[in-house]
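This is query33.cif (mmCIF, C-alpha atoms and all ligand atoms).
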data_upload
loop_
_atom_site.label_atom_id
_atom_site.label_comp_id
_atom_site.auth_asym_id
_atom_site.auth_seq_id
_atom_site.Cartn_x
_atom_site.Cartn_y
_atom_site.Cartn_z
CA MET D 239 26.72 -0.91 -10.63
CA PHE D 240 28.28 -3.94 -12.27
CA SER D 241 27.75 -5.61 -15.58
CA VAL D 242 26.05 -8.98 -15.28
CA THR D 243 27.51 -10.14 -18.60
CA SER D 244 31.06 -10.12 -17.23
CA LEU D 245 30.24 -12.68 -14.52
CA PRO D 246 30.68 -16.43 -14.95
CA LEU D 247 27.47 -18.24 -15.81
CA VAL D 248 27.19 -20.10 -12.49
CA LEU D 249 27.39 -16.88 -10.55
CA VAL D 250 24.85 -15.23 -12.83
CA SER D 251 22.22 -17.85 -12.08
CA ALA D 252 22.94 -17.65 -8.36
CA LEU D 253 22.39 -13.93 -8.62
CA SER D 254 19.25 -14.10 -10.69
CA VAL D 255 17.03 -12.59 -8.01
CA SER D 256 19.17 -9.59 -7.21
CA ALA D 257 20.12 -9.19 -10.87
CA LEU D 258 16.52 -8.17 -11.44
CA THR D 259 17.21 -5.07 -9.42
CA TYR D 260 20.30 -4.22 -11.45
CA GLY D 261 18.97 -5.00 -14.91
CA THR D 262 20.91 -4.09 -18.00
CA LYS D 263 20.61 -0.34 -17.83
CA PRO D 264 19.79 1.99 -14.96
CA ILE D 265 16.15 2.91 -14.59
CA ASP D 266 15.26 6.55 -15.02
CA TYR D 267 12.59 7.17 -12.42
CA GLY D 268 12.47 10.90 -13.12
CA TYR D 269 13.43 11.72 -9.52
CA ASP D 270 16.05 10.83 -6.93
CA VAL D 271 14.44 7.83 -5.22
CA GLU D 272 17.23 7.49 -2.64
CA LYS D 273 16.62 11.01 -1.37
CA VAL D 274 12.83 10.56 -1.44
CA LYS D 275 13.25 7.32 0.53
CA GLU D 276 15.50 8.88 3.17
CA GLN D 277 12.91 11.61 3.68
CA ALA D 278 10.06 9.08 3.86
CA VAL D 279 11.83 7.34 6.74
CA ALA D 280 12.87 10.58 8.44
CA LEU D 281 9.38 12.10 8.21
CA ALA D 282 7.37 9.15 9.60
CA THR D 283 6.14 9.58 13.18
CA HIS D 284 2.76 7.78 13.32
CA SER D 285 1.80 4.11 13.33
CA TRP D 286 0.44 3.95 9.76
CA GLU D 287 3.31 6.06 8.49
CA TYR D 288 5.79 3.52 9.86
CA GLY D 289 3.84 0.68 8.24
CA THR D 290 3.68 2.48 4.90
CA ALA D 291 7.36 3.43 5.00
CA ALA D 292 8.26 -0.20 5.78
CA GLU D 293 6.21 -1.39 2.81
CA ALA D 294 7.93 1.20 0.61
CA LEU D 295 11.37 0.01 1.75
CA LEU D 296 10.44 -3.63 1.17
CA GLU D 297 8.96 -3.14 -2.29
CA PHE D 298 11.86 -0.95 -3.40
CA GLU D 299 14.83 -2.72 -1.84
CA ASN D 300 13.68 -6.32 -1.56
CA PRO D 301 11.17 -6.83 -4.37
CA GLU D 302 11.70 -10.61 -4.20
CA ILE D 303 10.16 -10.71 -0.70
CA SER D 304 7.25 -8.36 -1.44
CA VAL D 305 3.95 -9.88 -2.54
CA PHE D 306 4.55 -8.20 -5.91
CA GLY D 307 7.67 -10.34 -6.39
CA SER D 308 7.52 -13.36 -8.67
CA SER D 309 7.53 -15.95 -5.86
CA PRO D 310 7.03 -14.45 -2.41
CA PHE D 311 5.79 -17.76 -0.94
CA PRO D 312 6.68 -19.63 1.12
CA ILE D 313 7.51 -16.62 3.28
CA PRO D 314 11.31 -16.61 3.63
CA SER D 315 13.29 -16.67 6.88
CA ILE D 316 15.72 -13.78 6.65
CA PRO D 317 17.38 -12.09 9.64
CA PRO D 318 15.80 -8.64 10.06
CA ALA D 319 19.26 -7.07 10.02
CA ASP D 320 19.63 -8.13 6.37
CA VAL D 321 16.42 -6.43 5.17
CA SER D 322 16.13 -2.72 5.84
CA ALA D 323 12.31 -2.80 5.90
CA LEU D 324 12.43 -5.40 8.68
CA ALA D 325 15.15 -3.67 10.69
CA TYR D 326 13.10 -0.48 10.41
CA ALA D 327 9.73 -2.03 11.27
CA LYS D 328 11.21 -3.96 14.19
CA GLN D 329 12.05 -0.75 16.07
CA HIS D 330 8.39 0.23 15.99
CA ILE D 331 6.69 -3.05 16.94
CA TYR D 332 5.56 -3.56 20.54
CA LEU D 333 5.79 -7.06 22.03
CA ASN D 334 3.93 -6.18 25.22
CA SER D 335 0.57 -5.12 23.83
CA SER D 336 -2.61 -6.49 22.25
CA VAL D 337 -1.75 -4.47 19.13
CA LEU D 338 1.53 -4.04 17.27
CA ILE D 339 1.80 -0.34 18.08
CA PRO D 340 -0.43 2.16 19.91
CA ALA D 341 -2.53 3.90 17.26
CA ASP D 342 -4.74 6.53 18.90
CA GLY D 343 -7.84 4.37 18.71
CA ALA D 344 -7.45 3.57 15.01
CA VAL D 345 -8.03 -0.15 14.55
CA GLY D 346 -6.39 -0.48 11.14
CA ASP D 347 -3.31 1.58 11.74
CA SER D 348 -1.56 -0.82 14.11
CA ALA D 349 -2.13 -3.59 11.56
CA SER D 350 -0.05 -1.70 8.98
CA LEU D 351 3.06 -3.19 10.63
CA GLY D 352 1.56 -6.69 10.56
CA ALA D 353 3.20 -8.17 7.47
CA PHE D 354 6.59 -7.13 8.87
CA ALA D 355 5.86 -8.75 12.23
CA VAL D 356 5.07 -11.97 10.32
CA LEU D 357 8.35 -11.74 8.37
CA ILE D 358 10.40 -11.01 11.50
CA GLY D 359 8.47 -13.84 13.14
CA ARG D 360 10.17 -16.33 10.81
CA THR D 361 13.38 -15.91 12.81
CA ASP D 362 11.95 -14.58 16.09
CA PRO D 363 8.71 -16.25 17.21
CA ALA D 364 7.85 -13.43 19.64
CA TYR D 365 6.97 -11.33 16.59
CA MET D 366 4.71 -14.02 15.17
CA ASP D 367 2.93 -14.10 18.55
CA ALA D 368 2.53 -10.32 18.38
CA SER D 369 1.02 -10.58 14.90
CA ALA D 370 -1.40 -13.24 16.18
CA ARG D 371 -2.57 -10.83 18.89
CA GLU D 372 -3.13 -8.15 16.25
CA ILE D 373 -5.25 -10.58 14.19
CA ASN D 374 -7.26 -11.46 17.26
CA TYR D 375 -7.80 -7.77 17.97
CA LEU D 376 -9.00 -7.12 14.41
CA LEU D 377 -11.32 -10.11 14.28
CA ASN D 378 -12.61 -10.28 17.84
CA THR D 379 -12.26 -6.90 19.56
CA ALA D 380 -12.90 -4.16 17.02
CA PRO D 381 -16.52 -3.02 16.46
CA ARG D 382 -18.24 -4.05 13.23
CA TRP D 383 -20.41 -2.26 10.73
CA PRO D 384 -23.83 -3.97 10.36
CA ASN D 385 -22.61 -5.68 7.16
CA GLY D 386 -19.63 -7.21 9.02
CA ALA D 387 -16.91 -4.75 7.98
CA ILE D 388 -14.31 -4.31 10.74
CA SER D 389 -14.42 -0.74 12.04
CA HIS D 390 -11.44 1.52 11.53
CA ARG D 391 -12.16 3.03 14.95
CA GLU D 392 -12.02 1.28 18.28
CA ASP D 393 -14.78 3.20 20.09
CA VAL D 394 -17.47 3.35 17.36
CA ALA D 395 -18.23 1.51 14.14
CA GLU D 396 -16.82 3.75 11.43
CA LEU D 397 -15.43 2.89 8.00
CA TRP D 398 -12.48 4.77 6.55
CA ALA D 399 -11.15 3.97 3.06
CA ASP D 400 -7.68 4.12 4.66
CA PHE D 401 -8.38 0.85 6.52
CA VAL D 402 -8.17 -1.15 3.30
CA TYR D 403 -4.42 -0.48 3.00
CA MET D 404 -3.72 -1.10 6.70
CA ALA D 405 -5.50 -4.30 7.63
CA PRO D 406 -6.58 -6.60 4.75
CA PRO D 407 -3.05 -6.95 3.28
CA PHE D 408 -1.81 -8.06 6.71
CA MET D 409 -4.78 -10.40 7.22
CA ALA D 410 -4.01 -11.97 3.84
CA TYR D 411 -0.30 -12.32 4.56
CA TYR D 412 -0.91 -13.76 8.03
CA ALA D 413 -3.44 -16.16 6.50
CA VAL D 414 -0.82 -17.48 4.09
CA ALA D 415 1.74 -17.74 6.91
CA THR D 416 -0.70 -19.84 8.96
CA ASN D 417 -2.14 -21.73 6.00
CA ASN D 418 -5.63 -20.46 6.79
CA ALA D 419 -7.81 -20.26 3.66
CA THR D 420 -10.80 -19.05 5.71
CA LEU D 421 -8.87 -16.03 6.89
CA LEU D 422 -7.51 -15.36 3.39
CA LYS D 423 -11.10 -15.28 2.10
CA GLU D 424 -12.00 -12.96 4.97
CA SER D 425 -9.32 -10.47 3.88
CA VAL D 426 -10.91 -10.38 0.40
CA ARG D 427 -14.37 -10.11 1.93
CA GLN D 428 -13.38 -7.16 4.14
CA ALA D 429 -12.41 -5.14 1.06
CA LYS D 430 -15.72 -6.03 -0.53
CA LEU D 431 -17.66 -5.02 2.60
CA TYR D 432 -15.84 -1.69 2.67
CA ARG D 433 -16.68 -1.10 -0.98
CA GLU D 434 -20.31 -1.99 -0.31
CA VAL D 435 -20.58 0.90 2.15
CA LEU D 436 -18.20 3.47 0.68
CA VAL D 437 -18.63 3.26 -3.10
CA LYS D 438 -20.54 6.04 -4.89
CA PRO D 439 -22.45 5.79 -8.18
CA ASP D 440 -19.44 7.20 -10.07
CA GLY D 441 -17.17 4.41 -8.76
CA LEU D 442 -15.16 6.58 -6.37
CA TRP D 443 -15.15 5.84 -2.66
CA THR D 444 -16.33 8.13 0.11
CA HIS D 445 -13.52 8.80 2.56
CA ILE D 446 -15.31 8.09 5.86
CA ILE D 447 -18.79 6.92 6.84
CA GLY D 448 -19.67 6.82 10.53
CA PRO D 449 -20.81 8.84 13.53
CA GLN D 450 -17.54 10.57 14.45
CA SER D 451 -15.45 11.80 11.54
CA ALA D 452 -17.79 11.41 8.54
CA ASP D 453 -16.27 12.81 5.34
CA SER D 454 -18.49 12.33 2.32
CA GLY D 455 -15.87 13.62 -0.13
CA SER D 456 -14.01 11.42 -2.61
CA TRP D 457 -10.61 11.90 -1.03
CA SER D 458 -7.83 11.23 -3.49
CA THR D 459 -5.50 9.58 -0.97
CA GLY D 460 -8.42 7.56 0.46
CA ASN D 461 -9.19 6.12 -2.96
CA GLY D 462 -5.46 5.42 -3.28
CA TRP D 463 -5.34 3.61 0.07
CA ALA D 464 -8.28 1.44 -0.96
CA ALA D 465 -7.00 0.57 -4.44
CA ALA D 466 -3.42 -0.03 -3.26
CA GLY D 467 -4.55 -2.18 -0.34
CA MET D 468 -6.68 -4.33 -2.63
CA ALA D 469 -3.74 -4.65 -5.04
CA ARG D 470 -1.63 -6.11 -2.20
CA VAL D 471 -4.39 -8.55 -1.27
CA LEU D 472 -4.80 -9.47 -4.93
CA ALA D 473 -1.08 -10.14 -5.38
CA THR D 474 -1.14 -12.30 -2.26
CA VAL D 475 -4.11 -14.35 -3.46
CA MET D 476 -2.64 -14.72 -6.98
CA LYS D 477 0.67 -16.03 -5.65
CA ALA D 478 -0.13 -18.06 -2.53
CA PRO D 479 -0.27 -21.83 -2.89
CA ILE D 480 -3.39 -22.06 -0.68
CA SER D 481 -5.42 -19.90 -3.08
CA LYS D 482 -4.49 -21.75 -6.24
CA GLY D 483 -7.53 -21.69 -8.54
CA TRP D 484 -9.45 -18.97 -6.69
CA THR D 485 -10.83 -17.35 -9.82
CA SER D 486 -13.82 -15.56 -8.30
CA GLU D 487 -11.84 -13.80 -5.54
CA ILE D 488 -9.24 -12.71 -8.07
CA ALA D 489 -11.85 -11.44 -10.54
CA GLU D 490 -13.69 -9.60 -7.77
CA LEU D 491 -10.59 -7.78 -6.53
CA LYS D 492 -9.54 -6.83 -10.06
CA GLN D 493 -12.99 -5.41 -10.73
CA GLU D 494 -12.99 -3.42 -7.47
CA ILE D 495 -9.58 -1.92 -8.25
CA LYS D 496 -10.57 -1.22 -11.86
CA GLU D 497 -13.70 0.56 -10.72
CA ILE D 498 -11.61 3.03 -8.70
CA LEU D 499 -8.91 3.53 -11.35
CA ASP D 500 -11.46 3.99 -14.13
CA ALA D 501 -13.33 6.59 -12.10
CA VAL D 502 -10.10 8.37 -11.16
CA MET D 503 -8.99 8.45 -14.80
CA THR D 504 -12.14 10.29 -15.82
CA VAL D 505 -12.25 13.04 -13.15
CA GLY D 506 -9.59 15.15 -14.84
CA LEU D 507 -6.46 16.85 -13.55
CA THR D 508 -5.67 20.39 -12.46
CA GLU D 509 -3.47 22.63 -14.60
CA ASN D 510 -0.43 21.34 -12.66
CA GLY D 511 -1.21 17.81 -13.90
CA LEU D 512 -2.26 16.40 -10.51
CA LEU D 513 -5.50 14.93 -9.21
CA ARG D 514 -7.46 17.15 -6.87
CA ASN D 515 -7.36 16.45 -3.13
CA TYR D 516 -11.10 15.80 -3.42
CA LEU D 517 -11.27 14.24 -6.82
CA THR D 518 -14.49 15.77 -8.12
CA ASP D 519 -14.43 19.10 -6.27
CA ALA D 520 -13.11 21.85 -8.55
CA THR D 521 -12.34 24.14 -5.59
CA TRP D 522 -9.48 21.87 -4.47
CA PHE D 523 -5.80 22.16 -5.33
CA GLY D 524 -3.95 19.53 -7.34
CA GLU D 525 -2.34 17.24 -4.78
CA VAL D 526 0.67 14.96 -5.11
CA SER D 527 0.20 12.23 -2.45
CA GLY D 528 -3.07 10.81 -3.77
CA THR D 529 -1.89 11.17 -7.36
CA THR D 530 1.27 9.22 -6.52
CA ILE D 531 -0.31 6.21 -4.82
CA LEU D 532 -2.95 5.90 -7.55
CA THR D 533 -0.23 6.07 -10.21
CA ALA D 534 1.67 3.29 -8.46
CA VAL D 535 -1.49 1.15 -8.45
CA ALA D 536 -1.92 1.63 -12.22
CA TYR D 537 1.60 0.21 -12.78
CA ARG D 538 1.02 -2.67 -10.38
CA MET D 539 -2.21 -3.63 -12.12
CA HIS D 540 -0.66 -3.35 -15.57
CA VAL D 541 1.94 -5.90 -14.46
CA LEU D 542 -0.50 -8.21 -12.65
CA ASP D 543 -3.01 -8.26 -15.53
CA SER D 544 -2.06 -6.32 -18.63
CA LYS D 545 -5.11 -7.64 -20.45
CA THR D 546 -7.64 -6.03 -18.10
CA PHE D 547 -5.34 -3.11 -17.31
CA GLY D 548 -3.95 -2.43 -20.78
CA SER D 549 -1.80 0.31 -22.29
CA LYS D 550 -4.34 2.97 -21.32
CA TYR D 551 -3.38 2.42 -17.66
CA ARG D 552 0.36 2.35 -18.39
CA LYS D 553 0.18 5.58 -20.38
CA TRP D 554 -1.82 7.26 -17.63
CA ALA D 555 0.79 6.11 -15.12
CA ASP D 556 3.68 7.32 -17.31
CA ALA D 557 2.09 10.77 -17.57
CA GLY D 558 1.43 10.83 -13.83
CA ARG D 559 4.99 9.81 -13.01
CA ALA D 560 6.38 12.58 -15.25
CA THR D 561 4.25 15.14 -13.40
CA ILE D 562 5.13 13.71 -9.99
CA ALA D 563 8.84 13.99 -10.86
CA THR D 564 8.36 17.76 -11.14
CA CYS D 565 6.89 17.78 -7.62
CA VAL D 566 10.06 16.45 -5.94
CA ASP D 567 12.30 19.20 -4.59
CA ALA D 568 16.10 19.18 -4.29
CA ASN D 569 15.84 17.63 -0.82
CA GLY D 570 13.68 14.76 -2.02
CA ILE D 571 10.42 16.14 -0.59
CA LEU D 572 7.15 15.97 -2.52
CA GLY D 573 4.67 18.84 -2.73
CA PRO D 574 2.03 20.21 -2.99
CA ALA D 575 0.74 17.55 -0.59
CA ILE D 576 -2.34 17.44 1.57
CA ASN D 577 -1.76 17.75 5.30
CA PRO D 578 -1.77 14.04 6.22
CA LEU D 579 -3.29 14.78 9.64
CA TRP D 580 -6.09 16.99 8.35
CA TRP D 581 -7.46 16.23 4.89
CA GLY D 582 -9.62 19.37 4.86
CA ASP D 583 -6.63 21.72 5.16
CA ARG D 584 -6.64 24.12 2.22
CA ASN D 585 -2.94 24.96 2.65
CA PRO D 586 -0.78 22.68 0.51
CA VAL D 587 2.15 21.16 2.39
CA TYR D 588 5.65 21.58 0.91
CA THR D 589 7.60 20.51 3.99
CA GLY D 590 6.95 16.81 3.57
CA SER D 591 4.05 14.41 3.93
CA PRO D 592 5.39 11.14 5.36
CA GLU D 593 2.85 9.07 3.44
CA GLY D 594 3.31 11.13 0.28
CA ASN D 595 7.04 10.49 0.33
CA SER D 596 6.51 6.77 0.93
CA PHE D 597 4.07 6.67 -1.99
CA ALA D 598 6.78 8.00 -4.29
CA VAL D 599 9.02 5.09 -3.24
CA LEU D 600 6.14 2.66 -3.87
CA LEU D 601 5.69 4.30 -7.27
CA ALA D 602 9.38 3.87 -8.10
CA ALA D 603 9.21 0.19 -7.12
CA ALA D 604 6.06 -0.36 -9.17
CA TYR D 605 7.55 1.36 -12.21
CA ARG D 606 10.84 -0.54 -11.94
CA ASP D 607 9.01 -3.87 -11.62
CA CYS D 608 6.96 -2.94 -14.69
CA VAL D 609 10.14 -2.21 -16.67
CA GLN D 610 11.74 -5.45 -15.44
CA SER D 611 8.64 -7.39 -16.53
CA GLY D 612 9.05 -6.00 -20.05
CA LYS D 613 5.65 -4.29 -19.89
CA CYS D 614 6.96 -0.75 -19.37
CA SER D 615 9.83 1.17 -20.89
C1 LIG K 1 6.12 -1.83 25.83
O1 LIG K 1 7.04 -1.85 24.74
C2 LIG K 1 7.38 -0.56 24.26
C3 LIG K 1 8.21 -0.73 22.98
O2 LIG K 1 9.13 -1.75 23.07
C4 LIG K 1 8.07 0.24 25.34
O3 LIG K 1 8.39 1.53 24.86
C5 LIG K 1 7.15 0.35 26.55
O4 LIG K 1 7.81 1.01 27.60
C6 LIG K 1 6.69 -1.03 27.01
N1 LIG K 1 5.66 -0.87 28.02
C7 LIG K 1 5.64 -1.57 29.16
C8 LIG K 1 4.52 -1.28 30.08
O5 LIG K 1 6.49 -2.39 29.41
C1 LIG K 2 -8.55 -19.37 10.55
O1 LIG K 2 -9.03 -18.05 10.69
C2 LIG K 2 -10.33 -17.97 11.22
C3 LIG K 2 -10.73 -16.51 11.15
O2 LIG K 2 -11.01 -16.13 9.84
C4 LIG K 2 -10.33 -18.51 12.63
O3 LIG K 2 -11.63 -18.45 13.15
C5 LIG K 2 -9.84 -19.95 12.61
O4 LIG K 2 -9.70 -20.41 13.93
C6 LIG K 2 -8.48 -20.05 11.92
N1 LIG K 2 -8.15 -21.44 11.75
C7 LIG K 2 -7.06 -21.96 12.26
C8 LIG K 2 -6.83 -23.41 11.97
O5 LIG K 2 -6.29 -21.33 12.93
#

Could you take the file, read its structure, and then write that structure out as structure tokens?
Ligand SMILES: *[C@@H]1O[C@H](CO)[C@@H](O)[C@H](O)[C@H]1NC(C)=O
Ligand SMILES: *[C@@H]1O[C@H](CO)[C@@H](O)[C@H](O)[C@H]1NC(C)=O
Amino acid sequence: MFSVTSLPLVLVSALSVSALTYGTKPIDYGYDVEKVKEQAVALATHSWEYGTAAEALLEFENPEISVFGSSPFPIPSIPPADVSALAYAKQHIYLNSSVLIPADGAVGDSASLGAFAVLIGRTDPAYMDASAREINYLLNTAPRWPNGAISHREDVAELWADFVYMAPPFMAYYAVATNNATLLKESVRQAKLYREVLVKPDGLWTHIIGPQSADSGSWSTGNGWAAAGMARVLATVMKAPISKGWTSEIAELKQEIKEILDAVMTVGLTENGLLRNYLTDATWFGEVSGTTILTAVAYRMHVLDSKTFGSKYRKWADAGRATIATCVDANGILGPAINPLWWGDRNPVYTGSPEGNSFAVLLAAAYRDCVQSGKCS
């Protein structure tokens, strides 16, 4: 770490973007983010886990490129070798397929690598072509729910809250890259269509509605996927030149995210300070993955709109982060986590949830950006 004050003025202004990351004093995250990040990358083995780990790397290491950065558009042309999220995502993207990565019949999951294909596509057009095929697959191949929501499954129409993190943020990013306002509106509309089907009277979302894997519970991580996905779409719409003046889309997304956070903040925590795996079911253990992604969203929203998401949200996030810090072991692994491949598993996982570990990196990035914005301490 170096002191910015000792550098000549010219150099300081040239460094202004990266200086944000250094700040004046080191940020105390409460846990060793480097270790947590290494584990997140090492643990990932499935399509959506790669996409989520890539997003975690980008938001943490290159905040200026992420949609949560102050000016992410126009999308920059940076060689993938210079951005670890891009170098990482590139290894997992297929150029010979109609989707970016095989995903066991899950429509959304292959799209989780989409924003990275667009970024790599700035210097290597084959990746932009691959992202265009993924968009075509989402819009024209996948089944639809009767209301128009794109199915999360390829073989039947089925809506999973998870989809909202995987596909709409990519649709929005691709829309900005191709200057397509219609598609940008469609990314906002997809979140709304998902909410229409999945929301319950208490404001929480059902995990899955459909004929194959229906899960009527309010899954903590599922609500986190939905809220965090909408926060990425919101940041994109707020910052893209083509959506300048889109007040109704912005208000709608904020309200949808607030509905989830407000409901989550009233369900209560277990004695270990975590949200339950199924948020309103007292028989479930306190679980770290869902708690972590929802905590990250609270920080992101406090930064994006601290009027609507005031100090109540920041304080909730600070308390959550303090608890989450106690859930990180000496090797940088978070627990007790839900089994990411089977959400009904009553045995808490302590050996590492790939998505749970990525969420803790997203949380660190969100907290740091909040401190840098002067809205958190
Ligand atoms: C398609 O690309 C992937 C990843 O680059 C590779 O593993 C696979 O063998 C390729 N498949 C064909 C049929 O070329
Ligand atoms: C914009 O996206 C829509 C899908 O939402 C597509 O139908 C249309 O062809 C795209 N427009 C352009 C100019 O590519």

Minimum-distance residue to D:Val271, chosen among D:Tyr288, D:Trp398, D:Phe298, D:Phe523 (using all atoms listed in the file): D:Phe298

Find the spatial neighbours of D:Thr561, counting all atoms listed in the file, within a cut-off of 10 Å - ignore same-chain residues fewer than 5 positions away - and output them as number ranges by chain. D: 268, 510-512, 526, 529-530, 555-556, 566

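The residues sitting within 9 Å of ligand LIG 2 (chain K), with all atoms listed in the file considered, come out as Ile373, Asn374, Leu377, Met409, Ala413, Thr416, Asn417, Asn418, Ala419, Thr420, Leu421, Leu422, Lys423, Glu424 and Ser425 of chain D.
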
Please produce a file of the residues just selected, as a PDB file, in the coordinates of the input, where the atoms kept are C-alpha atoms.
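File written: selection_7.pdb
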ATOM      1  CA  ILE D 373      -5.250 -10.580  14.190  1.00  0.00           C
ATOM      2  CA  ASN D 374      -7.260 -11.460  17.260  1.00  0.00           C
ATOM      3  CA  LEU D 377     -11.320 -10.110  14.280  1.00  0.00           C
ATOM      4  CA  MET D 409      -4.780 -10.400   7.220  1.00  0.00           C
ATOM      5  CA  ALA D 413      -3.440 -16.160   6.500  1.00  0.00           C
ATOM      6  CA  THR D 416      -0.700 -19.840   8.960  1.00  0.00           C
ATOM      7  CA  ASN D 417      -2.140 -21.730   6.000  1.00  0.00           C
ATOM      8  CA  ASN D 418      -5.630 -20.460   6.790  1.00  0.00           C
ATOM      9  CA  ALA D 419      -7.810 -20.260   3.660  1.00  0.00           C
ATOM     10  CA  THR D 420     -10.800 -19.050   5.710  1.00  0.00           C
ATOM     11  CA  LEU D 421      -8.870 -16.030   6.890  1.00  0.00           C
ATOM     12  CA  LEU D 422      -7.510 -15.360   3.390  1.00  0.00           C
ATOM     13  CA  LYS D 423     -11.100 -15.280   2.100  1.00  0.00           C
ATOM     14  CA  GLU D 424     -12.000 -12.960   4.970  1.00  0.00           C
ATOM     15  CA  SER D 425      -9.320 -10.470   3.880  1.00  0.00           C
TER      16      SER D 425
END

How would you report the residues lying within 10 Å of ligand LIG 1 (chain K), as a ChimeraX atom specification, if you count all atoms listed in the file? /D:328-335,338-340

Please save C-alpha atoms of the selected residues as a PDB file, in the coordinates of the input.
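The resulting file, selection.pdb, is shown below:
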ATOM      1  CA  LYS D 328      11.210  -3.960  14.190  1.00  0.00           C
ATOM      2  CA  GLN D 329      12.050  -0.750  16.070  1.00  0.00           C
ATOM      3  CA  HIS D 330       8.390   0.230  15.990  1.00  0.00           C
ATOM      4  CA  ILE D 331       6.690  -3.050  16.940  1.00  0.00           C
ATOM      5  CA  TYR D 332       5.560  -3.560  20.540  1.00  0.00           C
ATOM      6  CA  LEU D 333       5.790  -7.060  22.030  1.00  0.00           C
ATOM      7  CA  ASN D 334       3.930  -6.180  25.220  1.00  0.00           C
ATOM      8  CA  SER D 335       0.570  -5.120  23.830  1.00  0.00           C
ATOM      9  CA  LEU D 338       1.530  -4.040  17.270  1.00  0.00           C
ATOM     10  CA  ILE D 339       1.800  -0.340  18.080  1.00  0.00           C
ATOM     11  CA  PRO D 340      -0.430   2.160  19.910  1.00  0.00           C
TER      12      PRO D 340
END

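Minimum atom-to-atom distances from D:Ala489, D:Ala598, D:Ala380, D:Ala323 to D:Phe354 were compared using all atoms listed in the file, and the lowest value belongs to D:Ala323.
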
Record the distance separating atom CA of D:Pro310 and atom CA of D:Ala473, expressed in Å with one decimal.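 Going from atom CA of D:Pro310 over to atom CA of D:Ala473, I get 9.7 Å.
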
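With only C-alpha atoms as the basis for measurement, D:Ala410 is the residue among D:Ala387, D:Ala410, D:Val609, D:Val402 that approaches D:Val356 most closely.
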
Give me, please, the distance in Å between atom CA of D:Phe401 and atom CA of D:Ser458, quoted to one decimal.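 Going from atom CA of D:Phe401 over to atom CA of D:Ser458, I get 14.4 Å.
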
Write out as CSV the residues of stretch 462-483 of chain D that have any atom within 10 Å of an atom of stretch 311-322 of chain D, one row each with the nearest atom pair and its distance in Å to one decimal, counting all atoms listed in the file, sorted by chain and then rising number.
residue,atom,partner,partner_atom,distance
D:Thr474,CA,D:Phe311,CA,8.9
D:Lys477,CA,D:Phe311,CA,7.2
D:Ala478,CA,D:Phe311,CA,6.1
D:Pro479,CA,D:Phe311,CA,7.6

From (9.4, 16.1, -4.5), in the file's coordinates, out to 8 Å: which residues are reached, counting all atoms listed in the file? Answer as an MDAnalysis selection string. chainID D and resid 269 274 562:573 595

Print the selection's residues with C-alpha atoms to a file, as a PDB file, in the coordinates of the input.
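Written out: selection17.pdb:
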ATOM      1  CA  TYR D 269      13.430  11.720  -9.520  1.00  0.00           C
ATOM      2  CA  VAL D 274      12.830  10.560  -1.440  1.00  0.00           C
ATOM      3  CA  ILE D 562       5.130  13.710  -9.990  1.00  0.00           C
ATOM      4  CA  ALA D 563       8.840  13.990 -10.860  1.00  0.00           C
ATOM      5  CA  THR D 564       8.360  17.760 -11.140  1.00  0.00           C
ATOM      6  CA  CYS D 565       6.890  17.780  -7.620  1.00  0.00           C
ATOM      7  CA  VAL D 566      10.060  16.450  -5.940  1.00  0.00           C
ATOM      8  CA  ASP D 567      12.300  19.200  -4.590  1.00  0.00           C
ATOM      9  CA  ALA D 568      16.100  19.180  -4.290  1.00  0.00           C
ATOM     10  CA  ASN D 569      15.840  17.630  -0.820  1.00  0.00           C
ATOM     11  CA  GLY D 570      13.680  14.760  -2.020  1.00  0.00           C
ATOM     12  CA  ILE D 571      10.420  16.140  -0.590  1.00  0.00           C
ATOM     13  CA  LEU D 572       7.150  15.970  -2.520  1.00  0.00           C
ATOM     14  CA  GLY D 573       4.670  18.840  -2.730  1.00  0.00           C
ATOM     15  CA  ASN D 595       7.040  10.490   0.330  1.00  0.00           C
TER      16      ASN D 595
END

Of the candidates D:Val426, D:Val541, D:Ala520, D:Ala560, which one gets nearest to D:Trp484 if we count only C-alpha atoms?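 For D:Trp484, the nearest of the candidates is D:Val426.
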
For D:Ala291, work out the shell of residues within 7 Å, counting all atoms listed in the file and skipping chain neighbours fewer than 6 positions away, then give it as a ChimeraX atom specification. /D:278-279,596

Keeping only C-alpha atoms, take the residues you just selected and write them out as a short mmCIF file (atom, residue, chain, number, x, y, z; two decimals), in the coordinates of the input.
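Now in result.cif:
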data_model
loop_
_atom_site.label_atom_id
_atom_site.label_comp_id
_atom_site.auth_asym_id
_atom_site.auth_seq_id
_atom_site.Cartn_x
_atom_site.Cartn_y
_atom_site.Cartn_z
CA ALA D 278 10.06 9.08 3.86
CA VAL D 279 11.83 7.34 6.74
CA SER D 596 6.51 6.77 0.93
#

Got a sec: who's within 10 Å of D:Gly460, counting all atoms listed in the file, leaving out chain neighbours fewer than 5 positions off, as JSON, numbers by chain? {"D": [398, 399, 400, 401, 402, 403, 442, 443, 444, 445, 446, 455, 465, 466, 515, 516, 528, 531, 532, 581]}

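The shortest atom-to-atom distance to D:Lys263, with all atoms listed in the file taken into account, belongs to D:Ser615 out of D:Ser615, D:Asn461, D:Val414, D:Leu579.
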